[in-house]
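Source file: target32.cif. Holds: mmCIF, C-alpha atoms.
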data_run
loop_
_atom_site.label_atom_id
_atom_site.label_comp_id
_atom_site.auth_asym_id
_atom_site.auth_seq_id
_atom_site.Cartn_x
_atom_site.Cartn_y
_atom_site.Cartn_z
CA MET A 293 0.00 0.00 0.00
CA LEU A 294 2.87 2.34 0.80
CA ALA A 295 4.41 1.74 -2.62
CA LEU A 296 1.07 2.43 -4.32
CA ARG A 297 0.61 5.63 -2.30
CA LEU A 298 4.11 6.81 -3.19
CA THR A 299 3.51 6.08 -6.86
CA PHE A 300 0.20 7.91 -6.85
CA GLU A 301 1.70 10.94 -5.07
CA SER A 302 4.59 11.05 -7.52
CA LEU A 303 2.24 10.84 -10.48
CA ARG A 304 0.14 13.65 -9.07
CA PHE A 305 3.14 15.91 -8.52
CA ALA A 306 4.44 15.15 -12.03
CA TRP A 307 1.07 15.89 -13.56
CA ASP A 308 0.76 19.15 -11.60
CA ALA A 309 4.21 20.15 -12.88
CA LEU A 310 3.10 19.44 -16.44
CA ARG A 311 -0.09 21.47 -16.11
CA GLY A 312 1.46 24.32 -14.17
CA ASN A 313 4.31 24.99 -16.65
CA VAL A 314 3.06 23.74 -19.99
CA LEU A 315 5.43 25.71 -22.22
CA ARG A 316 8.51 24.91 -20.14
CA THR A 317 7.57 21.24 -19.94
CA VAL A 318 6.85 20.94 -23.67
CA LEU A 319 10.19 22.52 -24.56
CA SER A 320 11.98 20.14 -22.18
CA LEU A 321 10.11 17.10 -23.50
CA LEU A 322 10.88 18.13 -27.07
CA GLY A 323 14.54 17.27 -26.59
CA VAL A 324 13.72 13.77 -25.34
CA THR A 325 11.16 13.29 -28.10
CA VAL A 326 13.63 14.28 -30.82
CA GLY A 327 16.37 12.13 -29.30
CA ILE A 328 14.26 8.98 -29.00
CA PHE A 329 12.81 9.63 -32.44
CA ALA A 330 16.31 9.88 -33.93
CA ILE A 331 17.57 6.69 -32.30
CA ILE A 332 14.49 4.54 -32.91
CA ALA A 333 14.06 5.87 -36.47
CA VAL A 334 17.65 4.87 -37.27
CA PHE A 335 17.14 1.40 -35.79
CA ALA A 336 13.81 0.99 -37.62
CA VAL A 337 15.41 1.93 -40.95
CA VAL A 338 18.39 -0.36 -40.32
CA ASP A 339 16.13 -3.29 -39.34
CA SER A 340 13.89 -2.71 -42.37
CA LEU A 341 16.87 -2.42 -44.69
CA GLU A 342 18.46 -5.58 -43.28
CA ALA A 343 15.17 -7.51 -43.55
CA ASN A 344 14.76 -6.44 -47.19
CA VAL A 345 18.37 -7.30 -48.05
CA ARG A 346 17.99 -10.74 -46.45
CA HIS A 347 14.71 -11.21 -48.34
CA SER A 348 16.55 -10.34 -51.55
CA MET A 349 19.02 -13.14 -50.74
CA ASP A 350 16.32 -15.77 -50.09
CA PHE A 351 17.15 -17.52 -53.36
CA ILE A 352 20.38 -18.93 -51.87
CA GLY A 353 18.42 -20.73 -49.14
CA ASP A 354 19.24 -21.45 -45.52
CA LYS A 355 21.36 -24.26 -44.01
CA VAL A 356 22.65 -25.13 -47.47
CA ILE A 357 26.18 -25.94 -48.62
CA TYR A 358 26.92 -25.32 -52.29
CA VAL A 359 29.61 -27.10 -54.29
CA GLY A 360 31.15 -24.85 -56.92
CA LYS A 361 34.26 -23.88 -58.78
CA TRP A 362 34.64 -20.42 -57.23
CA PRO A 363 34.57 -19.53 -53.52
CA TRP A 364 32.15 -16.81 -52.49
CA LYS A 365 34.82 -15.28 -50.28
CA PHE A 366 38.29 -14.74 -51.72
CA ASP A 367 41.36 -15.00 -49.56
CA ALA A 368 44.09 -12.43 -50.25
CA THR A 369 46.66 -15.22 -50.26
CA ASN A 370 44.72 -17.15 -52.93
CA PRO A 371 44.20 -14.92 -56.00
CA TRP A 372 41.31 -15.51 -58.41
CA TRP A 373 43.45 -17.06 -61.14
CA LYS A 374 44.24 -19.94 -58.78
CA TYR A 375 40.66 -21.12 -59.18
CA PHE A 376 40.40 -20.57 -62.93
CA ASN A 377 41.45 -24.09 -63.98
CA ARG A 378 39.25 -25.88 -61.49
CA PRO A 379 36.60 -28.21 -62.95
CA VAL A 380 32.93 -27.44 -62.41
CA PRO A 381 30.65 -29.93 -60.59
CA THR A 382 29.24 -32.69 -62.77
CA GLU A 383 26.08 -34.78 -62.88
CA ARG A 384 28.15 -37.83 -61.90
CA GLU A 385 29.28 -36.05 -58.73
CA PHE A 386 25.66 -35.16 -58.04
CA ARG A 387 24.62 -38.83 -58.28
CA GLU A 388 27.52 -39.94 -56.10
CA LEU A 389 26.77 -37.33 -53.45
CA GLN A 390 23.18 -38.55 -53.40
CA ARG A 391 24.40 -42.11 -52.94
CA ARG A 392 27.30 -41.62 -50.54
CA LEU A 393 26.20 -38.87 -48.17
CA GLY A 394 24.86 -40.16 -44.87
CA PRO A 395 21.86 -38.98 -42.85
CA ASN A 396 23.28 -35.48 -42.26
CA ASN A 397 21.41 -34.02 -45.23
CA LYS A 398 17.80 -33.42 -46.26
CA GLY A 399 18.38 -33.37 -50.01
CA VAL A 400 20.99 -33.04 -52.76
CA ALA A 401 20.18 -30.95 -55.85
CA ILE A 402 21.83 -30.13 -59.15
CA PHE A 403 20.81 -27.06 -61.10
CA ALA A 404 21.95 -24.80 -63.92
CA ALA A 405 20.61 -21.53 -65.29
CA SER A 406 20.67 -19.48 -68.47
CA GLY A 407 19.48 -15.88 -68.76
CA GLY A 408 18.20 -13.80 -71.65
CA ASN A 409 15.68 -16.34 -72.97
CA THR A 410 12.46 -15.50 -74.83
CA LEU A 411 9.32 -17.52 -74.06
CA LYS A 412 6.45 -17.54 -76.58
CA ALA A 413 2.81 -18.60 -76.35
CA GLY A 414 0.74 -17.83 -79.43
CA THR A 415 1.16 -14.15 -80.24
CA ASN A 416 2.47 -13.35 -76.75
CA SER A 417 6.12 -13.42 -75.77
CA VAL A 418 8.28 -12.51 -72.78
CA ALA A 419 11.95 -11.61 -73.27
CA ASP A 420 14.92 -11.68 -70.92
CA CYS A 421 13.71 -14.60 -68.83
CA ALA A 422 15.88 -16.92 -66.77
CA LEU A 423 15.53 -20.58 -67.67
CA GLN A 424 16.64 -22.90 -64.88
CA GLY A 425 17.06 -26.65 -64.97
CA VAL A 426 16.62 -28.24 -61.55
CA SER A 427 16.53 -31.68 -59.97
CA TYR A 428 13.70 -32.90 -57.74
CA ALA A 429 15.34 -31.84 -54.44
CA TYR A 430 15.85 -28.27 -55.63
CA ARG A 431 12.93 -26.94 -53.61
CA ALA A 432 14.60 -28.30 -50.46
CA ILE A 433 17.56 -25.93 -50.91
CA SER A 434 15.78 -22.91 -52.43
CA SER A 435 12.37 -21.32 -52.08
CA VAL A 436 9.88 -22.40 -54.76
CA PRO A 437 6.53 -20.99 -53.55
CA ILE A 438 3.79 -22.56 -55.69
CA ALA A 439 0.72 -20.31 -56.00
CA GLU A 440 -1.08 -22.40 -58.65
CA GLY A 441 -0.62 -25.97 -59.78
CA ARG A 442 2.10 -28.22 -58.39
CA TYR A 443 5.80 -29.04 -58.25
CA PHE A 444 7.55 -31.60 -60.46
CA THR A 445 7.13 -35.33 -59.77
CA PRO A 446 10.14 -37.69 -59.60
CA GLN A 447 8.89 -39.41 -62.77
CA GLU A 448 8.85 -36.12 -64.69
CA MET A 449 12.42 -35.49 -63.56
CA ASP A 450 13.67 -38.97 -64.49
CA ASP A 451 11.98 -38.89 -67.90
CA ALA A 452 13.04 -35.30 -68.69
CA ARG A 453 9.47 -34.43 -69.57
CA PRO A 454 8.81 -31.00 -71.16
CA VAL A 455 6.98 -29.47 -68.20
CA ALA A 456 7.66 -26.13 -66.53
CA ILE A 457 6.89 -23.96 -63.53
CA LEU A 458 6.58 -20.28 -64.44
CA GLY A 459 7.27 -17.13 -62.47
CA ALA A 460 4.29 -14.86 -61.84
CA THR A 461 5.39 -12.11 -64.28
CA ILE A 462 6.03 -14.62 -67.07
CA ALA A 463 2.62 -16.27 -66.54
CA GLU A 464 0.81 -12.90 -66.53
CA ASN A 465 2.39 -11.83 -69.82
CA LEU A 466 2.29 -15.16 -71.66
CA PHE A 467 -1.29 -15.88 -70.66
CA PRO A 468 -2.98 -12.51 -69.99
CA GLN A 469 -6.40 -14.17 -70.10
CA GLY A 470 -5.46 -16.21 -67.04
CA HIS A 471 -5.59 -19.97 -66.44
CA PRO A 472 -1.97 -20.76 -67.44
CA LEU A 473 -2.06 -24.35 -66.10
CA ASP A 474 -1.84 -27.03 -68.81
CA GLN A 475 -1.12 -24.32 -71.42
CA GLU A 476 1.83 -24.68 -73.78
CA PHE A 477 4.66 -22.29 -74.61
CA LYS A 478 7.87 -22.47 -76.60
CA VAL A 479 11.46 -21.71 -75.68
CA ARG A 480 14.39 -22.31 -78.02
CA GLY A 481 12.08 -24.26 -80.34
CA MET A 482 10.92 -26.73 -77.66
CA LYS A 483 7.32 -26.97 -76.38
CA TYR A 484 6.68 -27.05 -72.63
CA THR A 485 3.50 -27.54 -70.65
CA VAL A 486 2.82 -25.35 -67.62
CA ILE A 487 2.22 -27.40 -64.46
CA GLY A 488 2.69 -24.63 -61.88
CA VAL A 489 2.98 -20.91 -61.27
CA MET A 490 5.12 -19.43 -58.49
CA ALA A 491 3.85 -16.80 -56.06
CA LYS A 492 4.61 -13.21 -56.98
CA GLU A 493 7.61 -11.79 -55.14
CA GLY A 494 7.60 -8.21 -56.40
CA LYS A 495 10.61 -5.95 -56.76
CA LYS A 496 13.51 -6.72 -54.43
CA LEU A 497 15.74 -4.13 -52.84
CA LEU A 498 18.85 -5.65 -54.42
CA ASP A 499 19.06 -6.63 -58.06
CA THR A 500 19.04 -10.35 -57.21
CA PRO A 501 17.39 -13.17 -59.15
CA SER A 502 13.62 -13.16 -58.73
CA ASN A 503 11.20 -16.03 -59.20
CA ASP A 504 8.88 -13.62 -61.03
CA THR A 505 10.99 -13.83 -64.20
CA ASN A 506 12.25 -17.37 -63.66
CA CYS A 507 11.13 -20.54 -65.45
CA LEU A 508 11.95 -23.93 -63.90
CA VAL A 509 12.23 -27.09 -65.98
CA PRO A 510 13.60 -30.59 -65.21
CA TYR A 511 17.40 -30.65 -65.25
CA ASP A 512 17.71 -33.30 -68.00
CA ALA A 513 15.22 -31.36 -70.15
CA PHE A 514 17.37 -28.26 -69.65
CA ALA A 515 20.46 -30.22 -70.72
CA LYS A 516 18.76 -30.94 -74.07
CA LEU A 517 18.47 -27.21 -74.77
CA PHE A 518 21.99 -26.15 -73.80
CA THR A 519 25.51 -27.47 -74.04
CA LEU A 520 26.66 -27.41 -70.45
CA SER A 521 30.09 -25.91 -69.92
CA ALA A 522 32.74 -28.10 -68.29
CA THR A 523 34.89 -25.06 -67.44
CA GLY A 524 32.26 -22.61 -66.20
CA MET A 525 32.99 -20.31 -69.14
CA GLY A 526 30.96 -19.72 -72.28
CA GLY A 527 27.70 -21.33 -71.21
CA PRO A 528 25.62 -22.57 -68.29
CA SER A 529 27.41 -24.88 -65.91
CA PRO A 530 26.01 -27.17 -63.19
CA GLN A 531 26.02 -26.32 -59.52
CA LEU A 532 25.33 -28.61 -56.57
CA GLY A 533 23.56 -27.80 -53.33
CA VAL A 534 23.03 -29.93 -50.22
CA LYS A 535 20.44 -29.07 -47.59
CA GLY A 536 21.64 -29.63 -44.02
CA ARG A 537 19.65 -30.89 -41.09
CA ASP A 538 18.41 -28.61 -38.32
CA ASP A 539 20.06 -30.80 -35.67
CA ASP A 540 23.52 -30.35 -37.23
CA PRO A 541 24.81 -27.18 -35.53
CA GLY A 542 26.94 -25.17 -37.90
CA LEU A 543 26.57 -27.92 -40.55
CA LEU A 544 30.07 -29.03 -39.61
CA ASN A 545 29.31 -32.75 -39.89
CA LEU A 546 27.78 -32.27 -43.34
CA GLU A 547 30.66 -30.09 -44.52
CA TYR A 548 33.33 -32.58 -43.45
CA GLU A 549 31.38 -35.43 -45.06
CA MET A 550 30.94 -33.51 -48.32
CA GLN A 551 34.60 -32.58 -48.41
CA GLY A 552 35.64 -36.20 -47.99
CA VAL A 553 33.30 -37.46 -50.72
CA MET A 554 34.32 -34.74 -53.19
CA ARG A 555 38.03 -35.31 -52.60
CA ASN A 556 37.52 -39.02 -53.17
CA LEU A 557 35.53 -38.45 -56.35
CA ARG A 558 38.20 -36.17 -57.78
CA GLY A 559 41.07 -38.45 -56.78
CA LEU A 560 42.89 -35.90 -54.64
CA ARG A 561 45.86 -37.07 -52.59
CA PRO A 562 46.09 -36.21 -48.88
CA ARG A 563 48.55 -33.37 -49.42
CA GLN A 564 46.72 -31.86 -52.38
CA GLU A 565 44.47 -28.85 -51.89
CA ASP A 566 40.75 -29.02 -52.65
CA ASN A 567 39.95 -28.18 -56.27
CA PHE A 568 36.37 -27.24 -55.37
CA ALA A 569 34.70 -24.72 -53.08
CA LEU A 570 32.13 -25.41 -50.39
CA ASN A 571 30.12 -22.21 -50.07
CA ARG A 572 27.56 -21.42 -47.39
CA PRO A 573 24.92 -18.64 -47.20
CA GLU A 574 26.20 -17.89 -43.68
CA MET A 575 29.20 -16.19 -45.33
CA ILE A 576 26.89 -13.59 -46.87
CA ALA A 577 24.61 -13.43 -43.82
CA SER A 578 27.60 -12.77 -41.55
CA ALA A 579 28.90 -9.99 -43.79
CA ILE A 580 25.42 -8.41 -43.96
CA GLY A 581 25.03 -8.66 -40.17
CA LYS A 582 28.40 -6.97 -39.51
CA LEU A 583 27.63 -4.18 -41.98
CA PHE A 584 24.28 -3.35 -40.41
CA ASP A 585 25.73 -3.60 -36.89
CA ILE A 586 28.19 -0.84 -37.83
CA ILE A 587 25.41 1.26 -39.38
CA GLY A 588 23.26 0.77 -36.28
CA ILE A 589 26.07 1.80 -33.93
CA ALA A 590 26.82 4.89 -36.01
CA GLY A 591 23.14 5.85 -35.97
CA ALA A 592 22.90 5.30 -32.22
CA VAL A 593 25.94 7.53 -31.61
CA ILE A 594 24.43 10.31 -33.73
CA GLY A 595 21.04 9.95 -32.02
CA SER A 596 22.65 9.91 -28.56
CA PHE A 597 23.69 13.54 -28.98
CA ALA A 598 20.05 14.50 -29.43
CA ILE A 599 18.97 12.44 -26.42
CA LEU A 600 21.79 14.02 -24.40
CA VAL A 601 20.33 17.46 -25.08
CA GLY A 602 16.93 16.15 -24.00
CA GLY A 603 18.44 14.78 -20.79
CA PHE A 604 19.89 18.21 -19.91
CA GLY A 605 16.48 19.74 -20.52
CA ILE A 606 14.82 17.30 -18.13
CA ALA A 607 17.55 17.87 -15.52
CA ASN A 608 16.99 21.62 -15.81
CA ILE A 609 13.25 21.34 -15.27
CA MET A 610 13.83 19.09 -12.25
CA PHE A 611 16.22 21.61 -10.63
CA VAL A 612 13.61 24.32 -11.16
CA SER A 613 10.93 22.04 -9.73
CA VAL A 614 13.00 21.38 -6.59
CA ARG A 615 13.53 25.12 -6.08
CA GLU A 616 9.84 25.93 -6.57
CA ARG A 617 8.69 23.19 -4.16
CA THR A 618 11.36 23.66 -1.46
CA SER A 619 8.84 24.83 1.16
CA ILE A 620 6.51 21.93 0.33
CA ILE A 621 9.43 19.53 0.78
CA GLY A 622 10.14 21.06 4.17
CA ILE A 623 6.51 20.62 5.27
CA GLN A 624 6.49 17.01 4.05
CA LYS A 625 9.69 16.19 5.98
CA SER A 626 8.44 17.92 9.13
CA LEU A 627 5.32 15.75 8.98
CA GLY A 628 7.48 12.61 8.90
CA ALA A 629 8.23 12.06 5.21
CA LYS A 630 11.39 9.98 4.84
CA ASN A 631 14.28 10.95 2.59
CA TYR A 632 13.60 8.01 0.27
CA PHE A 633 10.01 9.27 -0.21
CA ILE A 634 11.26 12.67 -1.41
CA LEU A 635 13.96 11.00 -3.52
CA PHE A 636 11.50 8.62 -5.13
CA GLN A 637 9.01 11.42 -5.73
CA PHE A 638 11.35 13.57 -7.82
CA LEU A 639 13.08 10.63 -9.50
CA PHE A 640 9.72 9.20 -10.55
CA GLU A 641 8.70 12.61 -11.89
CA ALA A 642 11.81 12.79 -14.06
CA VAL A 643 11.25 9.25 -15.38
CA PHE A 644 7.58 10.02 -16.01
CA LEU A 645 8.46 13.10 -18.07
CA CYS A 646 11.08 11.19 -20.10
CA VAL A 647 8.71 8.29 -20.79
CA ILE A 648 6.12 10.76 -22.11
CA GLY A 649 8.74 12.33 -24.39
CA GLY A 650 10.06 8.93 -25.47
CA GLY A 651 6.53 7.67 -26.15
CA LEU A 652 5.88 10.66 -28.40
CA GLY A 653 9.12 9.96 -30.30
CA ILE A 654 8.18 6.30 -30.77
CA ALA A 655 4.69 7.35 -31.91
CA LEU A 656 6.22 9.61 -34.57
CA VAL A 657 8.33 6.71 -35.89
CA TRP A 658 5.25 4.47 -35.95
CA LEU A 659 3.32 7.11 -37.94
CA ILE A 660 6.13 7.20 -40.51
CA THR A 661 5.98 3.42 -40.92
CA LEU A 662 2.29 3.78 -41.92
CA VAL A 663 3.28 5.79 -45.00
CA PRO A 664 3.33 3.40 -48.01
CA GLN A 665 6.89 2.80 -49.22
CA ASP A 666 7.54 0.87 -52.43
CA ALA A 667 11.33 0.94 -52.33
CA LEU A 668 11.83 0.18 -48.62
CA PRO A 669 8.79 -0.81 -46.50
CA LEU A 670 9.50 0.29 -42.94
CA PHE A 671 8.38 -1.49 -39.79
CA LEU A 672 8.72 -0.81 -36.07
CA SER A 673 9.58 -3.93 -34.09
CA GLY A 674 8.55 -4.60 -30.52
CA GLY A 675 12.24 -4.75 -29.59
CA ASN A 676 12.78 -1.18 -30.80
CA VAL A 677 9.71 0.03 -28.88
CA ALA A 678 11.02 -1.60 -25.71
CA LEU A 679 14.48 -0.14 -26.36
CA GLY A 680 13.03 3.35 -26.76
CA LEU A 681 11.13 3.10 -23.49
CA LEU A 682 14.16 1.68 -21.64
CA VAL A 683 16.37 4.49 -22.94
CA SER A 684 13.71 6.98 -21.82
CA VAL A 685 13.67 5.47 -18.34
CA GLY A 686 17.48 5.51 -18.23
CA ILE A 687 17.63 9.17 -19.28
CA GLY A 688 14.98 10.00 -16.67
CA ILE A 689 16.99 8.35 -13.91
CA LEU A 690 20.25 10.04 -14.97
CA ALA A 691 18.60 13.44 -15.38
CA GLY A 692 16.62 13.24 -12.15
CA ILE A 693 18.99 11.57 -9.71
CA VAL A 694 20.99 14.70 -8.75
CA PRO A 695 17.94 17.00 -8.23
CA ALA A 696 16.21 14.18 -6.34
CA VAL A 697 19.21 13.67 -4.00
CA ILE A 698 19.39 17.43 -3.37
CA ALA A 699 15.67 17.51 -2.55
CA ALA A 700 15.92 14.48 -0.26
CA ASN A 701 18.80 15.97 1.75
CA LEU A 702 17.20 19.38 2.36
CA ASP A 703 16.98 20.47 6.00
CA PRO A 704 13.25 20.66 6.84
CA VAL A 705 13.58 23.88 8.90
CA GLU A 706 15.58 25.70 6.22
CA ALA A 707 13.28 24.37 3.52
CA ILE A 708 10.12 25.69 5.26
CA ARG A 709 11.70 29.15 5.62
CA ALA A 710 12.62 29.23 1.90
CA LYS A 711 10.46 31.40 -0.32
#

Whole structure given in structure tokens:
Amino acid sequence: MLALRLTFESLRFAWDALRGNVLRTVLSLLGVTVGIFAIIAVFAVVDSLEANVRHSMDFIGDKVIYVGKWPWKFDATNPWWKYFNRPVPTEREFRELQRRLGPNNKGVAIFAASGGNTLKAGTNSVADCALQGVSYAYRAISSVPIAEGRYFTPQEMDDARPVAILGATIAENLFPQGHPLDQEFKVRGMKYTVIGVMAKEGKKLLDTPSNDTNCLVPYDAFAKLFTLSATGMGGPSPQLGVKGRDDDPGLLNLEYEMQGVMRNLRGLRPRQEDNFALNRPEMIASAIGKLFDIIGIAGAVIGSFAILVGGFGIANIMFVSVRERTSIIGIQKSLGAKNYFILFQFLFEAVFLCVIGGGLGIALVWLITLVPQDALPLFLSGGNVALGLLVSVGIGILAGIVPAVIAANLDPVEAIRAK
């Protein structure tokens, strides 16, 4: 009951201070509002930007290890020309990986892609499309969201049947009347039947491959259209991807197993270096995370200057409040009020004022997120809201602790005599 009474009294004093000096209070709160707005706005933009960048990289999948000729991350001690003569992965290696890998994987896929293709259906055509040949397990390593129809069957893959799954933009332009399923189109003189349409992704923040302009066909059917390059130059070349299990932390078991199988398949001696690269999306995710951490820290430092100004404003109003209520403090102490009651009263008032200012700053950020943004949709996470309120409380404590201590240590006799 005592705690509730203290809280109520502190709230009442804080509210009276707000009403009694509206202009002074508003000017003091403005600094906190601007500071919290600056910090939370920066974090909201950084979070939104990072989420959009990661969404743009969805096509590389998660918990996947790719086998390729080139590493995604170059080492300064290993220049690019060292990798030039490496062989590209082959369909034989794909079959052997399927056969030899143990239970540490959820699927092995082979795929190859060619850009700049033109798809035709009657009098309609779509240019600059990506044609991608994939094996059955491809959707285990990469996102293939089916909006209409279905995915390939194992029989269609084994028989290299001329069936295809279209991206949303391709389907809309090839078949503007709708109902693309079971319709036929031509690419490079070959007829394909549409068995599925992928969900529309829209424009991505980065210029990364999008399913909207992508056409998937069985890998062996793709191999009939193109001469696959054995060097990775001058034409599409195969790539391999292996999906790891969720219970394999860091995918270390899968990586060691894949390395052993690939070295065996390529006849490498113990002292010879790998002539293949095992690439993981975590390399890109880690680089993205570090970049946005730096941006977030820089934004927080810039915003902290604004919140610092707001903190001085709150401290100033609390010193004025102590001076104006000195006689009241003296009366309270003469009637038996303890020092901690006076301390808590002024400290709570400072925190209350800062939380109001911080809440207004957070509300401004939230209003901005409601404005439609095509290029970069913004969102305000619960974590950022909590952070803003915690920073407000922290600033209130720092700004109010010195005035509160001064008020708590006033001599009651001297305080009552003060005018």

Written as a PDB file with C-alpha atoms, in the coordinates of the input, which residues does the PyMOL selection byres ((chain A and resi 527-542) around 6) give for the file shown?
ATOM      1  CA  LYS A 355      21.360 -24.260 -44.010  1.00  0.00           C
ATOM      2  CA  VAL A 356      22.650 -25.130 -47.470  1.00  0.00           C
ATOM      3  CA  ILE A 357      26.180 -25.940 -48.620  1.00  0.00           C
ATOM      4  CA  TYR A 358      26.920 -25.320 -52.290  1.00  0.00           C
ATOM      5  CA  VAL A 359      29.610 -27.100 -54.290  1.00  0.00           C
ATOM      6  CA  GLY A 360      31.150 -24.850 -56.920  1.00  0.00           C
ATOM      7  CA  PRO A 381      30.650 -29.930 -60.590  1.00  0.00           C
ATOM      8  CA  ASN A 396      23.280 -35.480 -42.260  1.00  0.00           C
ATOM      9  CA  ASN A 397      21.410 -34.020 -45.230  1.00  0.00           C
ATOM     10  CA  LYS A 398      17.800 -33.420 -46.260  1.00  0.00           C
ATOM     11  CA  GLY A 399      18.380 -33.370 -50.010  1.00  0.00           C
ATOM     12  CA  VAL A 400      20.990 -33.040 -52.760  1.00  0.00           C
ATOM     13  CA  ALA A 401      20.180 -30.950 -55.850  1.00  0.00           C
ATOM     14  CA  ILE A 402      21.830 -30.130 -59.150  1.00  0.00           C
ATOM     15  CA  PHE A 403      20.810 -27.060 -61.100  1.00  0.00           C
ATOM     16  CA  ALA A 404      21.950 -24.800 -63.920  1.00  0.00           C
ATOM     17  CA  ALA A 405      20.610 -21.530 -65.290  1.00  0.00           C
ATOM     18  CA  SER A 406      20.670 -19.480 -68.470  1.00  0.00           C
ATOM     19  CA  ILE A 433      17.560 -25.930 -50.910  1.00  0.00           C
ATOM     20  CA  LEU A 520      26.660 -27.410 -70.450  1.00  0.00           C
ATOM     21  CA  SER A 521      30.090 -25.910 -69.920  1.00  0.00           C
ATOM     22  CA  GLY A 524      32.260 -22.610 -66.200  1.00  0.00           C
ATOM     23  CA  MET A 525      32.990 -20.310 -69.140  1.00  0.00           C
ATOM     24  CA  GLY A 526      30.960 -19.720 -72.280  1.00  0.00           C
ATOM     25  CA  LEU A 543      26.570 -27.920 -40.550  1.00  0.00           C
ATOM     26  CA  LEU A 544      30.070 -29.030 -39.610  1.00  0.00           C
TER      27      LEU A 544
END

Would you list the contacts of Ile487 in chain A as a short mmCIF file (atom, residue, chain, number, x, y, z; two decimals) with C-alpha atoms, in the frame of the given file, taking every protein, DNA or RNA residue within 12 Å and counting all atoms listed in the file, but skipping same-chain residues closer than 5 positions in sequence?
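Writing done, so here's out-v8.cif:
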data_model
loop_
_atom_site.label_atom_id
_atom_site.label_comp_id
_atom_site.auth_asym_id
_atom_site.auth_seq_id
_atom_site.Cartn_x
_atom_site.Cartn_y
_atom_site.Cartn_z
CA ILE A 438 3.79 -22.56 -55.69
CA ALA A 439 0.72 -20.31 -56.00
CA GLU A 440 -1.08 -22.40 -58.65
CA GLY A 441 -0.62 -25.97 -59.78
CA ARG A 442 2.10 -28.22 -58.39
CA TYR A 443 5.80 -29.04 -58.25
CA PHE A 444 7.55 -31.60 -60.46
CA THR A 445 7.13 -35.33 -59.77
CA GLU A 448 8.85 -36.12 -64.69
CA ARG A 453 9.47 -34.43 -69.57
CA PRO A 454 8.81 -31.00 -71.16
CA VAL A 455 6.98 -29.47 -68.20
CA ALA A 456 7.66 -26.13 -66.53
CA ILE A 457 6.89 -23.96 -63.53
CA LEU A 458 6.58 -20.28 -64.44
CA GLY A 459 7.27 -17.13 -62.47
CA ALA A 463 2.62 -16.27 -66.54
CA HIS A 471 -5.59 -19.97 -66.44
CA PRO A 472 -1.97 -20.76 -67.44
CA LEU A 473 -2.06 -24.35 -66.10
CA ASP A 474 -1.84 -27.03 -68.81
CA GLN A 475 -1.12 -24.32 -71.42
CA GLU A 476 1.83 -24.68 -73.78
CA PHE A 477 4.66 -22.29 -74.61
CA CYS A 507 11.13 -20.54 -65.45
CA LEU A 508 11.95 -23.93 -63.90
CA VAL A 509 12.23 -27.09 -65.98
CA PRO A 510 13.60 -30.59 -65.21
#

(request) Would you mind listing what lies within 10 Å of Asp566 in chain A as a list of chain:residue names, with all atoms listed in the file counted and same-chain residues fewer than 3 positions away left out? (result)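 Non-adjacent residues within range: A:Arg378, A:Gln551, A:Gly552, A:Met554, A:Arg555, A:Arg558, A:Leu560, A:Arg561, A:Pro562, A:Arg563, A:Ala569, A:Leu570.
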
(request) Find the residues near range 694-699 of chain A: any atom within 6 Å, counting all atoms listed in the file, skip ones fewer than 6 places away on the same chain, and give them as a VMD selection string. (result) chain A and resid 611 635 638 to 639

(request) Provide the CA of Ser435 in chain A to CA of Leu662 in chain A distance in Å, to one decimal place. (result) 28.9 Å

(request) Could you tell me which residues the PyMOL selection byres ((chain A and resi 322) around 12) grabs in this file, written as a PyMOL selection string? (result) chain A and resi 314-321+323-329+598-606+645-653

(message) Which residues would end up in the selection if the PyMOL selection byres ((chain A and resi 468) around 12) were applied here, given that I need the answer as a list in words?
(response) Ala413, Gly414, Thr415, Asn416, Ser417, Val418, Ala460, Thr461, Ile462, Ala463, Glu464, Asn465, Leu466, Phe467, Gln469, Gly470, His471 and Pro472 of chain A

(request) Take CA of Pro437 in chain A and CA of Glu493 in chain A and report the distance between them in Å, one decimal. (result) 9.4 Å

(request) Record the distance separating CA of Glu388 in chain A and CA of Asn556 in chain A, expressed in Å with one decimal. (result)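 Atom-to-atom, CA of Glu388 in chain A to CA of Asn556 in chain A, that is 10.5 Å.
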
(message) Could you check the closest approach to Phe386 in chain A for each of A:Tyr511, A:Trp373, A:Trp364, A:Phe300 and tell me which residue wins, using only C-alpha atoms?
(response)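 Using only C-alpha atoms, Phe386 in chain A sits closest to A:Tyr511.
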
Please list as an mmCIF file with C-alpha atoms, in the frame of the given file every residue within 6 Å of Gly688 in chain A, counting all atoms listed in the file and excluding residues in the same chain fewer than 4 positions away.
data_model
loop_
_atom_site.group_PDB
_atom_site.id
_atom_site.type_symbol
_atom_site.label_atom_id
_atom_site.label_comp_id
_atom_site.auth_asym_id
_atom_site.auth_seq_id
_atom_site.Cartn_x
_atom_site.Cartn_y
_atom_site.Cartn_z
ATOM 1 C CA ALA A 642 11.810 12.790 -14.060
ATOM 2 C CA VAL A 643 11.250 9.250 -15.380
ATOM 3 C CA CYS A 646 11.080 11.190 -20.100
ATOM 4 C CA GLY A 692 16.620 13.240 -12.150
#

(message) Could you list, as a PyMOL selection string, every residue within 7 Å of range 332-335 of chain A, counting only C-alpha atoms and ignoring same-chain residues fewer than 5 positions away?
(response) chain A and resi 588+591+654+657+676+680

Can those selected residues be exported to a file as a PDB file, in the coordinates of the input so that it contains C-alpha atoms?
ATOM      1  CA  GLY A 588      23.260   0.770 -36.280  1.00  0.00           C
ATOM      2  CA  GLY A 591      23.140   5.850 -35.970  1.00  0.00           C
ATOM      3  CA  ILE A 654       8.180   6.300 -30.770  1.00  0.00           C
ATOM      4  CA  VAL A 657       8.330   6.710 -35.890  1.00  0.00           C
ATOM      5  CA  ASN A 676      12.780  -1.180 -30.800  1.00  0.00           C
ATOM      6  CA  GLY A 680      13.030   3.350 -26.760  1.00  0.00           C
TER       7      GLY A 680
END
